[in-house]
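S.K.: Got a structure here, written out as structure tokens. Questions coming.
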Amino acid sequence: EALVGGQAQPERYRVKGMTPESGGEILSSGEVQAVAGMALALERIFGCPQDVEWCCKGEKLFLLQARPLTVEATLRQRAWRYFTEPGGEETWTSGFFNERFSEPLSPLGWSIIRPLVEELAFRDPLRYMGFRNAEKLRVTRLYFGRPYVNLAIFQAIYRPFPDWLLPEGARGYFPNRDASIRKEVSLPLSFPLSLLCHFFQDPLNWSPLNCILWKRYTSFHRRELASLHSGLHSLAPEDLPGMWDLMERAQALNRRLLSIHRWSLTWADISYGLLKLFLRLWLKPGEASKVASGLLADLSTKTAEMGRALREALDSPSREEALKQFLQIHGHRSFSLDIYRPTFAERPEQILKLAPSSGSEFRGERPRLPAFRDPVRRLLLGFLLALARPYALLREEQRFHWQEILAFMRRLALRMGEVLEKQGKIRESSLVFFLTWDELKEACFGGQVPEALAEARRRVFEELERMDPALSYPLFLKGDKPLEERVSWEGVAVSPGIASGPARIVLTPSELEKVETGEILVVRAIDPGWTVVFNRIKGLVMEVGGQLSHGAVVAREYGIPAVTGIRGATSAIRTGQMITVDGYSGKVILRENQAPYTPSASI
């Protein structure tokens with residue numbers, strides 16, 4: 001049971017000609033020979049290889065069970081092992097990924113994302129900080145097809161942050177939002193020198209001037225993306241090696257974008273934290289958070305632009321032409337970063353059924369901003385705003401551009417699949433999404449395609465999609481077991497205002513079409529693509545995320561009261577249950593036969 005549950009590591013023994021060649025420490029050479037002899041004898045009796053369960057007591061070997069080891073059963077086991085990797089003894093958190101992936105990840109999609117995120121978001125920062133075990137540390141894993149991060153990495157990355165500067169969103173990476181456990185990690189003695197040395201290797205990217213580097217990148221991005229599309233158009237119809245070259249160029253563009261984006265995220269967190277700290281010098285904590293949110297409320301993000309553009313297209317007299325123009329600009333977007341998921345251009349009905357007509361939009365109140373008379377305060381506030389606003393905006397801008405690359409890679413993968421299907425190597429083109437990056441590369445250069453394994457992975461993937469995310473996607477794992485957390489009903493206020501209405505629990509994009517006008521949306525986290533329903537909702541409750549999460553940024557722009565950090569909300573609140581969201585205090589109130597909720601006098 002410990003082995004199956006991931007709490008123990010297996011020992012593997014190799015036998016050749018009844019002579020043990022390699023193994024572990026549990027069995028003696030004689031015991032290994034006895035087990036191998038039993039396995040071969042059972043194979044002779046039943047006429048095929050057997051999956052054998054056995055045990056030893058003293059010097060006796062006992063047969064417990066034997067069943068045929070069929071190819072299909074073996075493939076299914078391999079497929080399941082791909083989607084649920086052993087957790088070992090580590091603690092795992094979904095906090096970094098659950099805002100980005102609400103559904104299981106395809107093998108091709110994960111093998112594109114995983115090396116980029118592991119290297120750029122996790123190993124590199126650990127190297128910069130002087131941690132010598134960065135190469136050996138196990139960084140990510142899949143559990144029922146969902147990605148998790150080793151909690152030890154967040155302990156190390158956020159160890160240097162003092163409590164007053166720790167990003168609110170970072171607290172969501174820790175069980176029960178207890179970020180104090182990061183202090184259990186000791187920083188390397190070389191930390192200051194290592195950080196300084198790496199800073200001077202790429203100072204513009206690391207510094208607050210990172211946004212200048214991003215502006216330079218966007219010009220290169222447009223040229224390179226145009227070159228990729230042109231290259232695909234000019235390729236011979238069945239030139240798989242040429243297609244693979246384009247795929248690697250697109251992955252290199254992903255890497256370049258994310259190498260800038262990671263520091264944009266860092267400066268977004270730092271600048272917002274400094275802004276709140278500055279305001280707390282003169283305002284009460286609750287008021288400071290409200291004002292800080294208001295100062296970032298009028299950002300015109302590409303995500304909110306998409307929602308407005310969709311509504312205008314649907315209300316346009318020439319609706320068909322307007323929708324065509326909308327999809328030309330926003331059609332590359334999707335509900336996920338997994339290239340297995342179709343884009344809006346491929347399946348416009350994904351979002352057309354989510355956007356209401358104009359006039360149904362709710363607007364919360366905007367907080368009054370402080371009018372500092374002291375010129376020094378005004379100057380400092382202006383400086384902090386000049387730093388915080390561009391980086392809060394970049395969180396959404398960069399997702400827009402990243403999905404342009406991923407949409408191209410999806411198109412390219414489907415083209416590869418069509419060629420492989422014509423060559424008789426796979427039964428249908430969509431199976432390419434159930435090959436890994438290395439397997440697809442080998443197929444493009446004439447190698448064998450593991451079609452049966454890809455089919456087995458697809459069957460398991462479809463089972464995972466049908467599973468209840470409340471059971472298959474816990475926020476934290478200890479090894480392979482969900483880690484129980486305290487249910488909290490007071491979280492972090494991320495968008496000001498107060499709203500009451502019936503709750504609507506949404507765990508996957510397929511459930512978004514059920515959202516009705518006037519409801520309070522209750523989610524684990526929000527992907528930018530989900531925000532097309534913000535025209536319908538009155539309030540937002542999120543289990544994870546911070547002031548600069550996608551949901552918080554867009555909620556402020558729409559004027560929707562929002563609270564995050566309400567752990568267990570999607571399990572404890574029922575769809576249709578009346579709730580109140582207080583975007584000032586961070587409270588969520590369940591209203592069952594209660595008087596209307598009145599905010600506390602301290603707000």
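In the structure tokens, each chain is lettered A, B, ... as it comes, each chain's residues begin at 1, and ligands are numbered from 1 in order of appearance.
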What parts of region 265-301 of chain A does DSSP call alpha helix (DSSP H)? I'd like the answer as a list in words.
M.R.: Leu265, Thr266, Trp267, Ala268, Asp269, Ile270, Ser271, Tyr272, Gly273, Leu274, Leu275, Lys276, Leu277, Phe278, Leu279, Arg280, Pro285, Gly286, Glu287, Ala288, Ser289, Lys290, Val291, Ala292, Ser293, Gly294 and Leu295 of chain A
S.K.: Please save N, CA, C and O atoms of the selected residues as an mmCIF file, in the first residue's frame.
M.R.:
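File produced: result37.cif:
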data_model
loop_
_atom_site.group_PDB
_atom_site.id
_atom_site.type_symbol
_atom_site.label_atom_id
_atom_site.label_comp_id
_atom_site.auth_asym_id
_atom_site.auth_seq_id
_atom_site.Cartn_x
_atom_site.Cartn_y
_atom_site.Cartn_z
ATOM 1 N N LEU A 265 6.780 40.012 -13.674
ATOM 2 C CA LEU A 265 5.940 39.547 -12.567
ATOM 3 C C LEU A 265 6.558 39.931 -11.223
ATOM 4 O O LEU A 265 5.855 40.343 -10.295
ATOM 5 N N THR A 266 7.877 39.787 -11.130
ATOM 6 C CA THR A 266 8.554 40.133 -9.878
ATOM 7 C C THR A 266 8.377 41.610 -9.560
ATOM 8 O O THR A 266 8.044 41.979 -8.424
ATOM 9 N N TRP A 267 8.571 42.465 -10.554
ATOM 10 C CA TRP A 267 8.445 43.903 -10.312
ATOM 11 C C TRP A 267 6.989 44.308 -10.117
ATOM 12 O O TRP A 267 6.707 45.291 -9.420
ATOM 13 N N ALA A 268 6.067 43.577 -10.685
ATOM 14 C CA ALA A 268 4.651 43.847 -10.408
ATOM 15 C C ALA A 268 4.360 43.622 -8.927
ATOM 16 O O ALA A 268 3.697 44.434 -8.269
ATOM 17 N N ASP A 269 4.866 42.511 -8.381
ATOM 18 C CA ASP A 269 4.662 42.211 -6.963
ATOM 19 C C ASP A 269 5.354 43.226 -6.066
ATOM 20 O O ASP A 269 4.784 43.725 -5.090
ATOM 21 N N ILE A 270 6.618 43.537 -6.384
ATOM 22 C CA ILE A 270 7.386 44.450 -5.532
ATOM 23 C C ILE A 270 6.794 45.862 -5.565
ATOM 24 O O ILE A 270 6.621 46.504 -4.525
ATOM 25 N N SER A 271 6.482 46.367 -6.762
ATOM 26 C CA SER A 271 5.986 47.739 -6.879
ATOM 27 C C SER A 271 4.626 47.894 -6.199
ATOM 28 O O SER A 271 4.372 48.915 -5.543
ATOM 29 N N TYR A 272 3.766 46.896 -6.320
ATOM 30 C CA TYR A 272 2.463 46.988 -5.660
ATOM 31 C C TYR A 272 2.618 46.923 -4.145
ATOM 32 O O TYR A 272 1.934 47.632 -3.397
ATOM 33 N N GLY A 273 3.534 46.071 -3.693
ATOM 34 C CA GLY A 273 3.788 45.984 -2.255
ATOM 35 C C GLY A 273 4.306 47.308 -1.695
ATOM 36 O O GLY A 273 3.899 47.742 -0.611
ATOM 37 N N LEU A 274 5.209 47.972 -2.435
ATOM 38 C CA LEU A 274 5.726 49.263 -1.989
ATOM 39 C C LEU A 274 4.635 50.333 -1.986
ATOM 40 O O LEU A 274 4.589 51.195 -1.099
ATOM 41 N N LEU A 275 3.744 50.275 -2.983
ATOM 42 C CA LEU A 275 2.643 51.237 -3.049
ATOM 43 C C LEU A 275 1.742 51.102 -1.816
ATOM 44 O O LEU A 275 1.374 52.101 -1.187
ATOM 45 N N LYS A 276 1.387 49.873 -1.460
ATOM 46 C CA LYS A 276 0.541 49.657 -0.278
ATOM 47 C C LYS A 276 1.264 50.087 1.000
ATOM 48 O O LYS A 276 0.657 50.683 1.892
ATOM 49 N N LEU A 277 2.552 49.774 1.080
ATOM 50 C CA LEU A 277 3.321 50.158 2.257
ATOM 51 C C LEU A 277 3.347 51.676 2.405
ATOM 52 O O LEU A 277 3.178 52.221 3.506
ATOM 53 N N PHE A 278 3.532 52.386 1.298
ATOM 54 C CA PHE A 278 3.541 53.856 1.316
ATOM 55 C C PHE A 278 2.206 54.396 1.819
ATOM 56 O O PHE A 278 2.158 55.294 2.675
ATOM 57 N N LEU A 279 1.114 53.854 1.319
ATOM 58 C CA LEU A 279 -0.204 54.349 1.708
ATOM 59 C C LEU A 279 -0.511 54.049 3.170
ATOM 60 O O LEU A 279 -1.219 54.802 3.840
ATOM 61 N N ARG A 280 0.025 52.946 3.694
ATOM 62 C CA ARG A 280 -0.234 52.583 5.087
ATOM 63 C C ARG A 280 0.440 53.529 6.074
ATOM 64 O O ARG A 280 0.114 53.539 7.258
ATOM 65 N N PRO A 285 -4.976 50.326 7.474
ATOM 66 C CA PRO A 285 -4.665 49.202 6.572
ATOM 67 C C PRO A 285 -5.765 48.904 5.565
ATOM 68 O O PRO A 285 -5.504 48.711 4.376
ATOM 69 N N GLY A 286 -7.025 48.856 6.033
ATOM 70 C CA GLY A 286 -8.126 48.568 5.116
ATOM 71 C C GLY A 286 -8.292 49.643 4.065
ATOM 72 O O GLY A 286 -8.532 49.365 2.889
ATOM 73 N N GLU A 287 -8.149 50.901 4.494
ATOM 74 C CA GLU A 287 -8.272 52.020 3.560
ATOM 75 C C GLU A 287 -7.116 52.021 2.566
ATOM 76 O O GLU A 287 -7.285 52.316 1.377
ATOM 77 N N ALA A 288 -5.909 51.686 3.031
ATOM 78 C CA ALA A 288 -4.732 51.652 2.150
ATOM 79 C C ALA A 288 -4.916 50.615 1.044
ATOM 80 O O ALA A 288 -4.600 50.870 -0.122
ATOM 81 N N SER A 289 -5.429 49.435 1.396
ATOM 82 C CA SER A 289 -5.664 48.397 0.383
ATOM 83 C C SER A 289 -6.707 48.847 -0.621
ATOM 84 O O SER A 289 -6.576 48.622 -1.828
ATOM 85 N N LYS A 290 -7.763 49.509 -0.123
ATOM 86 C CA LYS A 290 -8.823 49.991 -1.002
ATOM 87 C C LYS A 290 -8.282 51.034 -1.975
ATOM 88 O O LYS A 290 -8.560 50.986 -3.183
ATOM 89 N N VAL A 291 -7.477 51.970 -1.477
ATOM 90 C CA VAL A 291 -6.927 53.021 -2.329
ATOM 91 C C VAL A 291 -5.931 52.431 -3.333
ATOM 92 O O VAL A 291 -5.931 52.805 -4.509
ATOM 93 N N ALA A 292 -5.096 51.504 -2.878
ATOM 94 C CA ALA A 292 -4.131 50.877 -3.789
ATOM 95 C C ALA A 292 -4.845 50.169 -4.932
ATOM 96 O O ALA A 292 -4.424 50.250 -6.092
ATOM 97 N N SER A 293 -5.928 49.465 -4.610
ATOM 98 C CA SER A 293 -6.709 48.805 -5.657
ATOM 99 C C SER A 293 -7.271 49.838 -6.625
ATOM 100 O O SER A 293 -7.254 49.650 -7.851
ATOM 101 N N GLY A 294 -7.782 50.960 -6.073
ATOM 102 C CA GLY A 294 -8.369 51.987 -6.920
ATOM 103 C C GLY A 294 -7.367 52.619 -7.856
ATOM 104 O O GLY A 294 -7.695 52.969 -8.999
ATOM 105 N N LEU A 295 -6.133 52.751 -7.410
ATOM 106 C CA LEU A 295 -5.109 53.363 -8.245
ATOM 107 C C LEU A 295 -4.756 52.503 -9.461
ATOM 108 O O LEU A 295 -4.178 52.991 -10.426
#
S.K.: Can you tell me which residues surround region 328-339 of chain A at a distance of at most 9 Å, considering only C-alpha atoms, apart from same-chain residues fewer than 4 positions away, and format the answer as a PyMOL selection string?
M.R.: chain A and resi 100-103+105-106+108-110+112-113+306+323-324+343-346+348+400+402-411+413+433+509+527-530
S.K.: Report, in Å to a single decimal, how far apart CA of Leu116 (chain A) and CA of Phe97 (chain A) are.
M.R.: 13.3 Å
S.K.: Please identify the strand (DSSP E or B) residues within region 467-528 of chain A (assignment by DSSP from backbone atoms) and present them as an MDAnalysis selection string.
M.R.: chainID A and resid 476:478 481:482 490 492:495 498:505 520:523
S.K.: If we count only C-alpha atoms, what is near region 213-225 of chain A at a cut-off of 9 Å, once residues fewer than 5 positions away on the same chain are taken out, given as a list in words?
M.R.: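 After dropping sequence-adjacent residues, the list is Leu204, Asn205, Ser230, Arg249, Ala250, Leu253, Arg256, Leu257, Ile260, His261, Ser264, Leu394, Gln398, His401, Glu404, Ile405 and Phe408 of chain A.
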S.K.: Write the residues of the preceding selection, restricted to all heavy atoms, as a compact mmCIF listing (two decimals), in the first residue's frame.
M.R.:
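Below you can see part18.txt, which holds the result:
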# COMPACT_ATOMS: atom_id res chain seq x y z
N LEU A 204 19.41 45.12 -17.35
CA LEU A 204 18.17 45.76 -17.81
C LEU A 204 16.96 44.88 -17.54
O LEU A 204 15.89 45.35 -17.16
CB LEU A 204 18.27 46.07 -19.31
CG LEU A 204 17.12 46.89 -19.90
CD1 LEU A 204 17.01 48.24 -19.21
CD2 LEU A 204 17.30 47.07 -21.40
N ASN A 205 17.13 43.56 -17.72
CA ASN A 205 16.02 42.63 -17.53
C ASN A 205 15.64 42.53 -16.05
O ASN A 205 14.47 42.47 -15.69
CB ASN A 205 16.40 41.25 -18.06
CG ASN A 205 15.19 40.38 -18.33
OD1 ASN A 205 14.05 40.80 -18.23
ND2 ASN A 205 15.45 39.12 -18.66
N SER A 230 4.77 32.78 -42.21
CA SER A 230 5.21 32.76 -43.60
C SER A 230 5.95 31.46 -43.91
O SER A 230 5.77 30.86 -44.98
CB SER A 230 6.11 33.97 -43.87
OG SER A 230 6.64 33.92 -45.17
N ARG A 249 11.65 26.82 -33.35
CA ARG A 249 11.76 28.29 -33.38
C ARG A 249 10.67 28.92 -32.52
O ARG A 249 10.91 29.91 -31.80
CB ARG A 249 11.67 28.81 -34.81
CG ARG A 249 12.95 28.66 -35.62
CD ARG A 249 12.76 29.15 -37.05
NE ARG A 249 12.29 30.52 -37.11
CZ ARG A 249 11.86 31.11 -38.24
NH1 ARG A 249 11.85 30.42 -39.38
NH2 ARG A 249 11.45 32.37 -38.21
N ALA A 250 9.47 28.37 -32.58
CA ALA A 250 8.38 28.89 -31.75
C ALA A 250 8.67 28.67 -30.27
O ALA A 250 8.40 29.55 -29.44
CB ALA A 250 7.06 28.20 -32.14
N LEU A 253 11.01 31.25 -29.12
CA LEU A 253 10.30 32.52 -28.91
C LEU A 253 9.57 32.50 -27.57
O LEU A 253 9.53 33.51 -26.86
CB LEU A 253 9.33 32.76 -30.07
CG LEU A 253 8.69 34.16 -30.15
CD1 LEU A 253 9.75 35.24 -30.28
CD2 LEU A 253 7.72 34.23 -31.32
N ARG A 256 12.16 33.21 -24.96
CA ARG A 256 12.58 34.62 -24.91
C ARG A 256 11.52 35.47 -24.22
O ARG A 256 11.84 36.34 -23.41
CB ARG A 256 12.85 35.13 -26.33
CG ARG A 256 13.36 36.55 -26.37
CD ARG A 256 14.05 36.85 -27.68
NE ARG A 256 14.50 38.23 -27.74
CZ ARG A 256 15.21 38.73 -28.73
NH1 ARG A 256 15.57 37.95 -29.75
NH2 ARG A 256 15.58 40.00 -28.73
N LEU A 257 10.25 35.23 -24.56
CA LEU A 257 9.17 36.00 -23.93
C LEU A 257 9.16 35.77 -22.42
O LEU A 257 9.08 36.72 -21.64
CB LEU A 257 7.83 35.60 -24.55
CG LEU A 257 6.58 36.33 -24.07
CD1 LEU A 257 5.52 36.38 -25.17
CD2 LEU A 257 5.95 35.68 -22.84
N ILE A 260 11.73 37.43 -20.08
CA ILE A 260 11.42 38.82 -19.71
C ILE A 260 10.23 38.85 -18.76
O ILE A 260 10.22 39.58 -17.76
CB ILE A 260 11.11 39.65 -20.97
CG1 ILE A 260 12.30 39.62 -21.93
CG2 ILE A 260 10.78 41.09 -20.60
CD1 ILE A 260 12.01 40.23 -23.29
N HIS A 261 9.23 38.05 -19.06
CA HIS A 261 7.98 38.05 -18.31
C HIS A 261 8.20 37.72 -16.83
O HIS A 261 7.55 38.28 -15.95
CB HIS A 261 7.03 37.03 -18.95
CG HIS A 261 5.69 36.92 -18.29
ND1 HIS A 261 4.94 38.02 -17.92
CD2 HIS A 261 4.95 35.84 -17.92
CE1 HIS A 261 3.80 37.62 -17.37
NE2 HIS A 261 3.79 36.31 -17.36
N SER A 264 9.07 40.79 -15.05
CA SER A 264 7.92 41.69 -15.02
C SER A 264 6.99 41.32 -13.87
O SER A 264 6.47 42.19 -13.16
CB SER A 264 7.15 41.62 -16.34
OG SER A 264 7.95 41.99 -17.43
N LEU A 394 1.29 44.77 -17.58
CA LEU A 394 2.07 43.79 -18.34
C LEU A 394 1.64 42.35 -18.06
O LEU A 394 1.82 41.48 -18.91
CB LEU A 394 3.56 43.93 -18.01
CG LEU A 394 4.34 44.97 -18.84
CD1 LEU A 394 5.80 44.95 -18.46
CD2 LEU A 394 4.18 44.71 -20.32
N GLN A 398 1.35 40.38 -21.59
CA GLN A 398 2.25 39.29 -21.96
C GLN A 398 1.50 38.00 -22.21
O GLN A 398 1.90 37.21 -23.07
CB GLN A 398 3.33 39.15 -20.87
CG GLN A 398 4.29 40.33 -20.90
CD GLN A 398 5.19 40.42 -19.69
OE1 GLN A 398 4.85 39.99 -18.61
NE2 GLN A 398 6.36 41.01 -19.86
N HIS A 401 0.36 38.01 -25.86
CA HIS A 401 1.41 37.68 -26.83
C HIS A 401 1.83 36.22 -26.73
O HIS A 401 2.14 35.59 -27.75
CB HIS A 401 2.61 38.60 -26.63
CG HIS A 401 2.36 40.01 -27.03
ND1 HIS A 401 1.71 40.92 -26.24
CD2 HIS A 401 2.66 40.68 -28.18
CE1 HIS A 401 1.63 42.08 -26.86
NE2 HIS A 401 2.20 41.96 -28.04
N GLU A 404 -0.37 34.02 -28.65
CA GLU A 404 -0.15 34.08 -30.10
C GLU A 404 0.81 32.99 -30.53
O GLU A 404 0.62 32.33 -31.56
CB GLU A 404 0.40 35.46 -30.48
CG GLU A 404 -0.62 36.57 -30.46
CD GLU A 404 -0.04 37.88 -30.93
OE1 GLU A 404 1.06 38.25 -30.46
OE2 GLU A 404 -0.68 38.55 -31.77
N ILE A 405 1.86 32.80 -29.74
CA ILE A 405 2.85 31.75 -30.08
C ILE A 405 2.23 30.37 -29.92
O ILE A 405 2.38 29.50 -30.80
CB ILE A 405 4.09 31.86 -29.16
CG1 ILE A 405 4.66 33.27 -29.17
CG2 ILE A 405 5.16 30.86 -29.62
CD1 ILE A 405 5.74 33.51 -28.13
N PHE A 408 -0.03 29.39 -32.73
CA PHE A 408 0.74 28.95 -33.91
C PHE A 408 1.22 27.51 -33.71
O PHE A 408 1.15 26.69 -34.65
CB PHE A 408 1.92 29.88 -34.14
CG PHE A 408 2.86 29.39 -35.21
CD1 PHE A 408 2.55 29.56 -36.55
CD2 PHE A 408 4.03 28.72 -34.89
CE1 PHE A 408 3.40 29.08 -37.55
CE2 PHE A 408 4.88 28.24 -35.86
CZ PHE A 408 4.56 28.42 -37.20
S.K.: Restricting the calculation to only C-alpha atoms, which member of A:Ala34, A:Ala555, A:Leu540, A:Leu412 is positioned closest to Ser300 (chain A)?
M.R.: A:Ala555
